[in-house]
Each structure stands twice: as structure tokens, then as C-alpha cells.
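Everything below concerns the one structure shown next.
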Protein chains: 2
Amino acid sequence: MNALKGACIIGQSGGPTAVINASALGAIQAALQCEHVTHVLGAANGIEGVLNERLYDMVQEDPEELELLKYTPASALGSCRYRMADPSVDDADYRRLLEVFRRYGVRYFFYNGGNDSMDTCNKISKFMQQSGYECRVIGIPKTIDNDLYGTDHCPGFGSAAKFIATSCMEVHQDLRVYDKGRVTIVEIMGRHAGWLTAAAALPRTVGARAPHLIYLPEVAFDPEQFIQDVKEVQCLTRNCIVAVSEGVRLANGSFAAENFQSGVVDAFGHRYLSGVGKYLEALVREKIGCKVRSIELNVLQRCSSHLMSATDVREARKIGSYAIRFALQGHTGVMMVLERVSNRPYMVRIGCKPVSEIANREQLVPRTWINKRGNDVTDEMFEYLLPLIEGEVPYPTQNGMPVHFVLDKTIVK
Amino acid sequence: MNALKGACIIGQSGGPTAVINASALGAIQAALQCEHVTHVLGAANGIEGVLNERLYDMVQEDPEELELLKYTPASALGSCRYRMADPSVDDADYRRLLEVFRRYGVRYFFYNGGNDSMDTCNKISKFMQQSGYECRVIGIPKTIDNDLYGTDHCPGFGSAAKFIATSCMEVHQDLRVYDKGRVTIVEIMGRHAGWLTAAAALPRTVGARAPHLIYLPEVAFDPEQFIQDVKEVQCLTRNCIVAVSEGVRLANGSFAAENFQSGVVDAFGHRYLSGVGKYLEALVREKIGCKVRSIELNVLQRCSSHLMSATDVREARKIGSYAIRFALQGHTGVMMVLERVSNRPYMVRIGCKPVSEIANREQLVPRTWINKRGNDVTDEMFEYLLPLIEGEVPYPTQNGMPVHFVLDKTIVK
């Protein structure tokens, strides 16, 4: 052990997930139990809360209430999308951070977020080292997109994948009741990486044939090929379900819906922004002329804590608590990662990697996990996905509604 | 008892709900156990299956597999939207029905559906009486919209309401993580009745302040008043959540989104159909200029069997099995209804009412259950809704996915 005595700050950043609070819970509980950690502080709205000195005193929270974090979606401490400047250009924010860290005796900083947050961790870690102030900085991964580099998968992804898989199974049941041909397009999140859209394939593991076509952003999207694909499915079955990533792009690199959108103006004369689902809906109507509808799963994908993966919640909490352990052992400038040891039985090891190797890189779906034609995923993808959505999480309810954590908001002065 | 010996047909009709199969299960199991019922037949795609003589032999289904109906959304037997002609104008379909009923010795016909299906029940019941063929015809109510007349509420509504309430709670959590003002508009199903949209208010029973504004189709929608309402909410809170029914209309009776849509043309030059959510989104952007987004809950509202109300499932199953009991007792030309006896404890009585009094009428939200300003619901609505979403239903899973019923499809020849 190489433990420093001092306060710790835990911050949350970026877009919500169903389990980001499970990681916060893991970290907060581990920190509260640790004799070396003098104060456990929660940053209000991520790094902005540190800069503005809005720090919650987590010891003031009721321990039983705190357990509700496990079932509460989105960031209970608040989030931000604040991007730190390059310190070699403008180090004002960093000097301010150092001032705050000194004032509160902060020796541990944990930042739970996605790619931008890891970039923030990287910059802060380097600045603190250069300034000679000893502070351990650890990134805790979080994203529904699963695009963080260096980790087998990312907490938050499994629950979003489970929601998408379950919803697609239900949409499939919804669609098949009428004996009429219809195309249904499900638009799924993921600007660059297709992991979430791939999860739409999972109904096939429980007997459904749908969805029939799956388009990820990793492969250039060809509208003509798409129409051909749909027509081929229609030769075999009355109803066709298509899962498409919001981020699919044409061969020229532009988003597939972009050209479509440019022609659409609303009643106020403004350019009407619609997603790829609406675009493909119009395309099918125009080129095939059959019944068609599109469904955008929208923010429900990232905040549906009523349908979490037990694997995901367990790992999110554990990785949060291991972050404290790793920091006490002396690690700094690292991101916690999950390494898959085996699939059957499913086992992962929690480790860490230098955040400098992770920040500003992306983990995309390997081309070999997508079929040649670019309209489906392969067996490797199923092997990869299945353990991540395993297990259900019963949640506390009141009046038939989920009960979520409410922050006490005791600000440390 | 006034039981007839003969076969029974059970059919499902209209749009999917999460619990329509629970009613089918109740009816099928009760019929299979009844000595007077010689054959239990399932109609493929509702009345169309009877006309086309596509009848499944339900005794062939594995009893354990049959139990999965309780967890399977949409109509496992298939549905239709076939509207029977007025028999005084064209009685061909009715004579065909009589022929099929005679061939299979059908003495009981159960039709599970919404308003149109009750109209069908009414017409069939009258025709059979006039033709002197003794057959008991009973309607089993089903709709997520809750607009069926004559019953306190309708199986299917409670589960849809629970999904909407839970999703709105999660959207509220999703929205509040950023310290920035944003308007979020949630578009909810219900062309004429606002019951489902009213369910969006339920997060307030577990501590949330959202949604802040609720617009039902029962009150004329005024776009200027709406913008004023949003501005007033923004004086009090950073984020504003609006729940709006897809069916809200202007004072002149046209759908609120209609005028907006008429100006919108897609890249193919076609009129672009968007919902009221997109319309209000554009309106807020134009008139207020703040960040705004809209979410359409779409078909997930009606098929989310992973989040059913235990009350709803229990009642749906029971009303199905009581339909068999009532038919054996001699009832015909009736729809099964739920009568609320008390709220605390919640108690209902299952009865029946002449389908002629029910068909082609609508149960709308009473004006007194909506506030004066027409942008919220009153306490009476909470009292009414709360028991209906009570209780969770754990469902069988495999690979982390829900396991649904698969019909054996043994056709009776």
C-alpha cells in the first residue's frame, strides 16, 4: 500500500446511463469505509462543480438512501459537457483546480465518464504531476455507446443493450399480429460505433427471426443496396424489421439522413432535422410503396433503469469500488478497465490502463463481426453481447413506480 | 346454470396491448376445463380467421407453454382490423359465420378487442338471435387507450400507463443532469381520450416535479397559451417536461399538428407526416428559442410486457376466465366490465353489460379531472390511476431476454 491521507472528489460527466450511479455508489461506499480518505466529496455537475466549488459532503447522505443510487438512472450528482482547455495554451482552469484541491486537501480525484472525461483525466493528471502536487487521478469508464478504447466493454452498455434487445423483441411481437406486409425501422443510438445497434439482433437468440436487417456505422451505407435488402426480406416474410444506427454514413462520409434533411423545411421555414429512421421510412415509401413506420428509441435507451442488466450493475458498482482500491495502491493517470477472461463461464478481471493511451481513441465494431454484405452481425457478436445483458434487477417501488435516489445536497464550505 | 354443449371460438382483434394474451389465457384455460365446451378454438387473426376457417385447436398447445401467454405482448393468435358490414345492407359475412359456427358446432364466441370489436360482437349477436341459431357472444374488453364505455377501466390500460409513468420518471432523471434549461416534449398515444397522457403525471407521486405541463385531447389546444405555459414553468425551473397526447386538437377541431405538417415536404416532395411532439418542438424553438427536444413513446407503450402492471395482468386474466363462466350462465350480447368498488383497499367487481349500450361510444376523461387552465390533471385522476399500475410482474427469461409464447398453430380441419 502506498496510501495518501486526504479528501477525495467523485464527479460524473457526459450523457446519462442506467448504471453511472452504481459506479458512484461503489466509489462512495468504498471511500467512506477507507481510513485514508478524510472526506468524500461529490462534485456538482462534474468538473464544473470543482471549478465552482460546489462540492457535496457525501457522509451526510443517509446510507440507506444511498443504496437507491443503484436503481437511479442518469447522474445523481449532475453532469456537464465542459471541455478543459489544452493547459499549454490556457492553464487557468488547472490552476483553479489546484487551488480547490489544496483548499480541501484533495488527494484523490475520480471522474466517471466517456471519452471526453478521460481526456479531462489525462490533462488533470499531467498538470498535477508537473505542478508537484500529489493527487491520484483515476477515470471510471461510462458510456452506453461502448466506444471507449482499452476496455472489453463499458459499464452502461449492457443495460442499454438489454433495453434495446427487449424492446426489439416486443416490437417484433407487436408487428406480427397483423397479416399484412409492413417495414418497421428502429433507429438506435451510436454516432460512431454500432455496438448498441448490434444488440438489436439479440431477439434471434430466443426464437424471433427479427430484426432482419442491421446497419452499423462501421460500414458505408448504400441506400440502393438497402432497398434491395428490404425487397429480398419481403420475398421471405410479410414483415421486415430493420435496426439502424443513427450514425450510418454514406460512402462519401456524410450522415445518411443529411441529404434527405436538407430538403425538409417546417412550417416556420426552418430546416427540419430528422433522424435516419425517418429518412429510411420515406425511402421505403418512395421506392417500395409498402406500409412503413419508424421508431426512435430515443433517450429511453440510456435511462431505462427499470430494465437493467444485472451483470452491468454488478460490474459498474465493482469498478467504482476498485477505483478507490487502485488509487490507494498508488495508481494515477489511469482508467479502470474490464478484461474478459472467459465467456463460459463469463468472467472478467478489473484492471487499469494509462488514460493517455485511451483518451481520444475509439473502440469500433470489428469489420469481421459484421457480415460481408454489411447488413447483419456475425456469431462473434452474439458471443460478445450475451453475457453483458444477463440477469434482471428487481428495483424498489412505491405506488407501482420506481423509487430513485434524492441527493441531500449538503454543500461543503 | 344454463349451459349449452358445444365448441367455443376465442378471437383477438385490434391493436396490441401487453395483456391481451393474459385475457386469452384466462378464457382458454377456463374453457379447456369446462365439460360443456367440446372444443376450444382460437381464431387466426380475429374474425378473419373465422370467415376463412383458420381455427387453431387450443387443446394441442402445451399447457406449460400456454402459461407464457401471460408474459407475451400483442395478440398471439393474430389480430385484424376487419369491420363487419351492416347486416341489413350486406349479410354475406354473417351467413358465412353461421355456416362456420354450424360446421364446428360453435355455441360460444368470445371476442377480445376494443370499440370496433364490440360493434362486431353486437352485430354477430343480433344476427345469430334473428337466425334462431343459439350462440352466446361475449366481448372481452381490451385497449390501451382506456376509451371503452361502460367499464371503470380496460385491461391493457394499466400496463401502458405504468410504462408511460416509469418512462417519464426516467426521462425526468435524464433531463435534470445538466444544469441547462431545456424543454422536453413527450408525445403519448390516445387519439380521442387522454387517459394515457394523464398517466405521465404519476412521477409526481414519488417526488418528481415533472412533468410540468400535461395536455389531453379533451380540452382544445391553444398554441399561444402553450407557449405562455412553458414560459411560466421556465420562470420556476430550468428544465420543463411537457406530456402531450397525440390527439390534441385546436378549437376548430383540427389536429394541432395538421397545419404544421401541411408546410413540411420531404426530399421526395411528399408531405411529411410528423406528430404533435415534433410540432411543439418546432413551436418552442421558434417562439422561445431555447433548447428543446421531443420524444415519441411510440409502440413501446402498448407492447412493453417487460414492465406490466400486476393489477392489470391479474384483471385481464380474470376477466377472460369470467367470460367463460358468464357465457355458461347464459349471458350473451354482453361485454365483460370492471366495476370499481373501492380505492382503499382497491377492489373491483367483474360484471357484464349489453354490448349494444357500449359499442360506438367513448369514455373520455371528465372535464373536472383536468385543471381549469387545461394544462394538468387533478387529484381525482391520481386516485383513479394509482391502483391500476400497482405491482410488478417478474417474467421468465433466457439469455437475459424475455421468453414469449409461440403458437403451435395446429389448424382444425
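Quick note on naming: the chains in the C-alpha cells go A, B, ... in the order shown, residues restart at 1 in each chain, and ligands are numbered from 1 in order of appearance.
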Exercise. Counting only C-alpha atoms, what is within 6 Å of range 79-88 of chain A, bar same-chain residues fewer than 5 positions away, as a VMD selection string?
Worked result: (chain A and resid 12 to 14 45 to 46) or (chain B and resid 177 to 178)
Exercise. If we count only C-alpha atoms, what is near range 369-383 of chain B at a cut-off of 9 Å, once residues fewer than 6 positions away on the same chain are taken out, given as a list in words?
Worked result: Trp195, Ala198, Ala199, Ala201, Leu202, Thr205, His212, Leu213, Ile214, Tyr215, Leu216, Glu218, Val219, Ala220, Phe221, Phe226, Asp229 and Asn343 of chain B
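Residues of range 229-314 of chain A assigned to strand (DSSP E or B) by DSSP on this structure's backbone: Asn239, Cys240, Ile241, Val242, Ala243, Val244, Ser245, Arg249, Phe255, Val265, Arg271, Lys291, Val292, Arg293, Ser294, Ile295 and Glu296 of chain A.
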How about saving the chosen residues, N, CA and C atoms kept, as a PDB file, in the first residue's frame?
ATOM      1  N   ASN A 239     -43.424  -9.295 -42.857  1.00  0.00           N
ATOM      2  CA  ASN A 239     -42.993  -8.119 -42.121  1.00  0.00           C
ATOM      3  C   ASN A 239     -41.481  -8.064 -42.021  1.00  0.00           C
ATOM      4  N   CYS A 240     -40.956  -6.892 -42.185  1.00  0.00           N
ATOM      5  CA  CYS A 240     -39.498  -6.723 -42.161  1.00  0.00           C
ATOM      6  C   CYS A 240     -39.134  -5.701 -41.081  1.00  0.00           C
ATOM      7  N   ILE A 241     -38.255  -6.102 -40.182  1.00  0.00           N
ATOM      8  CA  ILE A 241     -37.775  -5.165 -39.160  1.00  0.00           C
ATOM      9  C   ILE A 241     -36.315  -4.830 -39.444  1.00  0.00           C
ATOM     10  N   VAL A 242     -36.036  -3.534 -39.454  1.00  0.00           N
ATOM     11  CA  VAL A 242     -34.692  -3.031 -39.735  1.00  0.00           C
ATOM     12  C   VAL A 242     -34.180  -2.308 -38.493  1.00  0.00           C
ATOM     13  N   ALA A 243     -32.979  -2.652 -38.051  1.00  0.00           N
ATOM     14  CA  ALA A 243     -32.338  -1.888 -36.973  1.00  0.00           C
ATOM     15  C   ALA A 243     -31.238  -1.056 -37.594  1.00  0.00           C
ATOM     16  N   VAL A 244     -31.256   0.229 -37.324  1.00  0.00           N
ATOM     17  CA  VAL A 244     -30.257   1.102 -37.961  1.00  0.00           C
ATOM     18  C   VAL A 244     -29.656   2.061 -36.937  1.00  0.00           C
ATOM     19  N   SER A 245     -28.368   2.238 -37.040  1.00  0.00           N
ATOM     20  CA  SER A 245     -27.692   3.163 -36.139  1.00  0.00           C
ATOM     21  C   SER A 245     -27.902   4.593 -36.600  1.00  0.00           C
ATOM     22  N   ARG A 249     -23.407   6.314 -42.285  1.00  0.00           N
ATOM     23  CA  ARG A 249     -22.948   7.326 -43.243  1.00  0.00           C
ATOM     24  C   ARG A 249     -22.835   6.727 -44.637  1.00  0.00           C
ATOM     25  N   PHE A 255     -23.559  11.900 -43.138  1.00  0.00           N
ATOM     26  CA  PHE A 255     -24.607  11.119 -42.496  1.00  0.00           C
ATOM     27  C   PHE A 255     -25.698  10.809 -43.516  1.00  0.00           C
ATOM     28  N   VAL A 265     -38.299  21.383 -44.849  1.00  0.00           N
ATOM     29  CA  VAL A 265     -38.442  22.665 -44.166  1.00  0.00           C
ATOM     30  C   VAL A 265     -39.765  22.651 -43.398  1.00  0.00           C
ATOM     31  N   ARG A 271     -35.066  24.548 -41.428  1.00  0.00           N
ATOM     32  CA  ARG A 271     -34.612  23.221 -41.818  1.00  0.00           C
ATOM     33  C   ARG A 271     -35.080  22.239 -40.742  1.00  0.00           C
ATOM     34  N   LYS A 291     -46.397  -0.394 -46.638  1.00  0.00           N
ATOM     35  CA  LYS A 291     -46.587   0.231 -45.334  1.00  0.00           C
ATOM     36  C   LYS A 291     -45.244   0.289 -44.619  1.00  0.00           C
ATOM     37  N   VAL A 292     -44.970   1.379 -43.978  1.00  0.00           N
ATOM     38  CA  VAL A 292     -43.677   1.521 -43.299  1.00  0.00           C
ATOM     39  C   VAL A 292     -43.824   2.475 -42.122  1.00  0.00           C
ATOM     40  N   ARG A 293     -43.063   2.200 -41.092  1.00  0.00           N
ATOM     41  CA  ARG A 293     -43.078   3.093 -39.929  1.00  0.00           C
ATOM     42  C   ARG A 293     -41.690   3.099 -39.312  1.00  0.00           C
ATOM     43  N   SER A 294     -41.354   4.162 -38.608  1.00  0.00           N
ATOM     44  CA  SER A 294     -40.059   4.183 -37.925  1.00  0.00           C
ATOM     45  C   SER A 294     -40.253   4.475 -36.451  1.00  0.00           C
ATOM     46  N   ILE A 295     -39.366   3.908 -35.668  1.00  0.00           N
ATOM     47  CA  ILE A 295     -39.418   4.043 -34.215  1.00  0.00           C
ATOM     48  C   ILE A 295     -38.047   4.511 -33.746  1.00  0.00           C
ATOM     49  N   GLU A 296     -38.038   5.601 -33.001  1.00  0.00           N
ATOM     50  CA  GLU A 296     -36.772   6.083 -32.461  1.00  0.00           C
ATOM     51  C   GLU A 296     -36.748   5.728 -30.975  1.00  0.00           C
TER      52      GLU A 296
END
For this session: Figure out the distance between CA of Arg302 in chain B and CA of Asp152 in chain B, please, to one decimal in Å.
Result: 19.3 Å
Problem set entry | CA of Thr332 in chain A to CA of Val348 in chain A, straight-line distance in Å |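 So the two atoms, CA of Val348 in chain A and CA of Thr332 in chain A, lie 21.8 Å apart.
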Exercise. Which residue, B:His39, B:Arg103, B:His172, B:Arg95, has the smallest gap to Thr72 in chain A when you use only C-alpha atoms?
Worked result: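 Among the listed residues, the smallest separation from Thr72 in chain A belongs to B:His172.
With only C-alpha atoms as the atoms that count, the minimum distance from His306 in chain A to the choices B:Pro73, B:Pro394, B:Pro354, B:Gly333 is reached by B:Pro394.
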Problem set entry | Secondary structure check, alpha helix (DSSP H) residues of range 38-181 of chain B, as an NGL selection string | :B and (47-51 or 63-67 or 92-104 or 115-131 or 157-175)
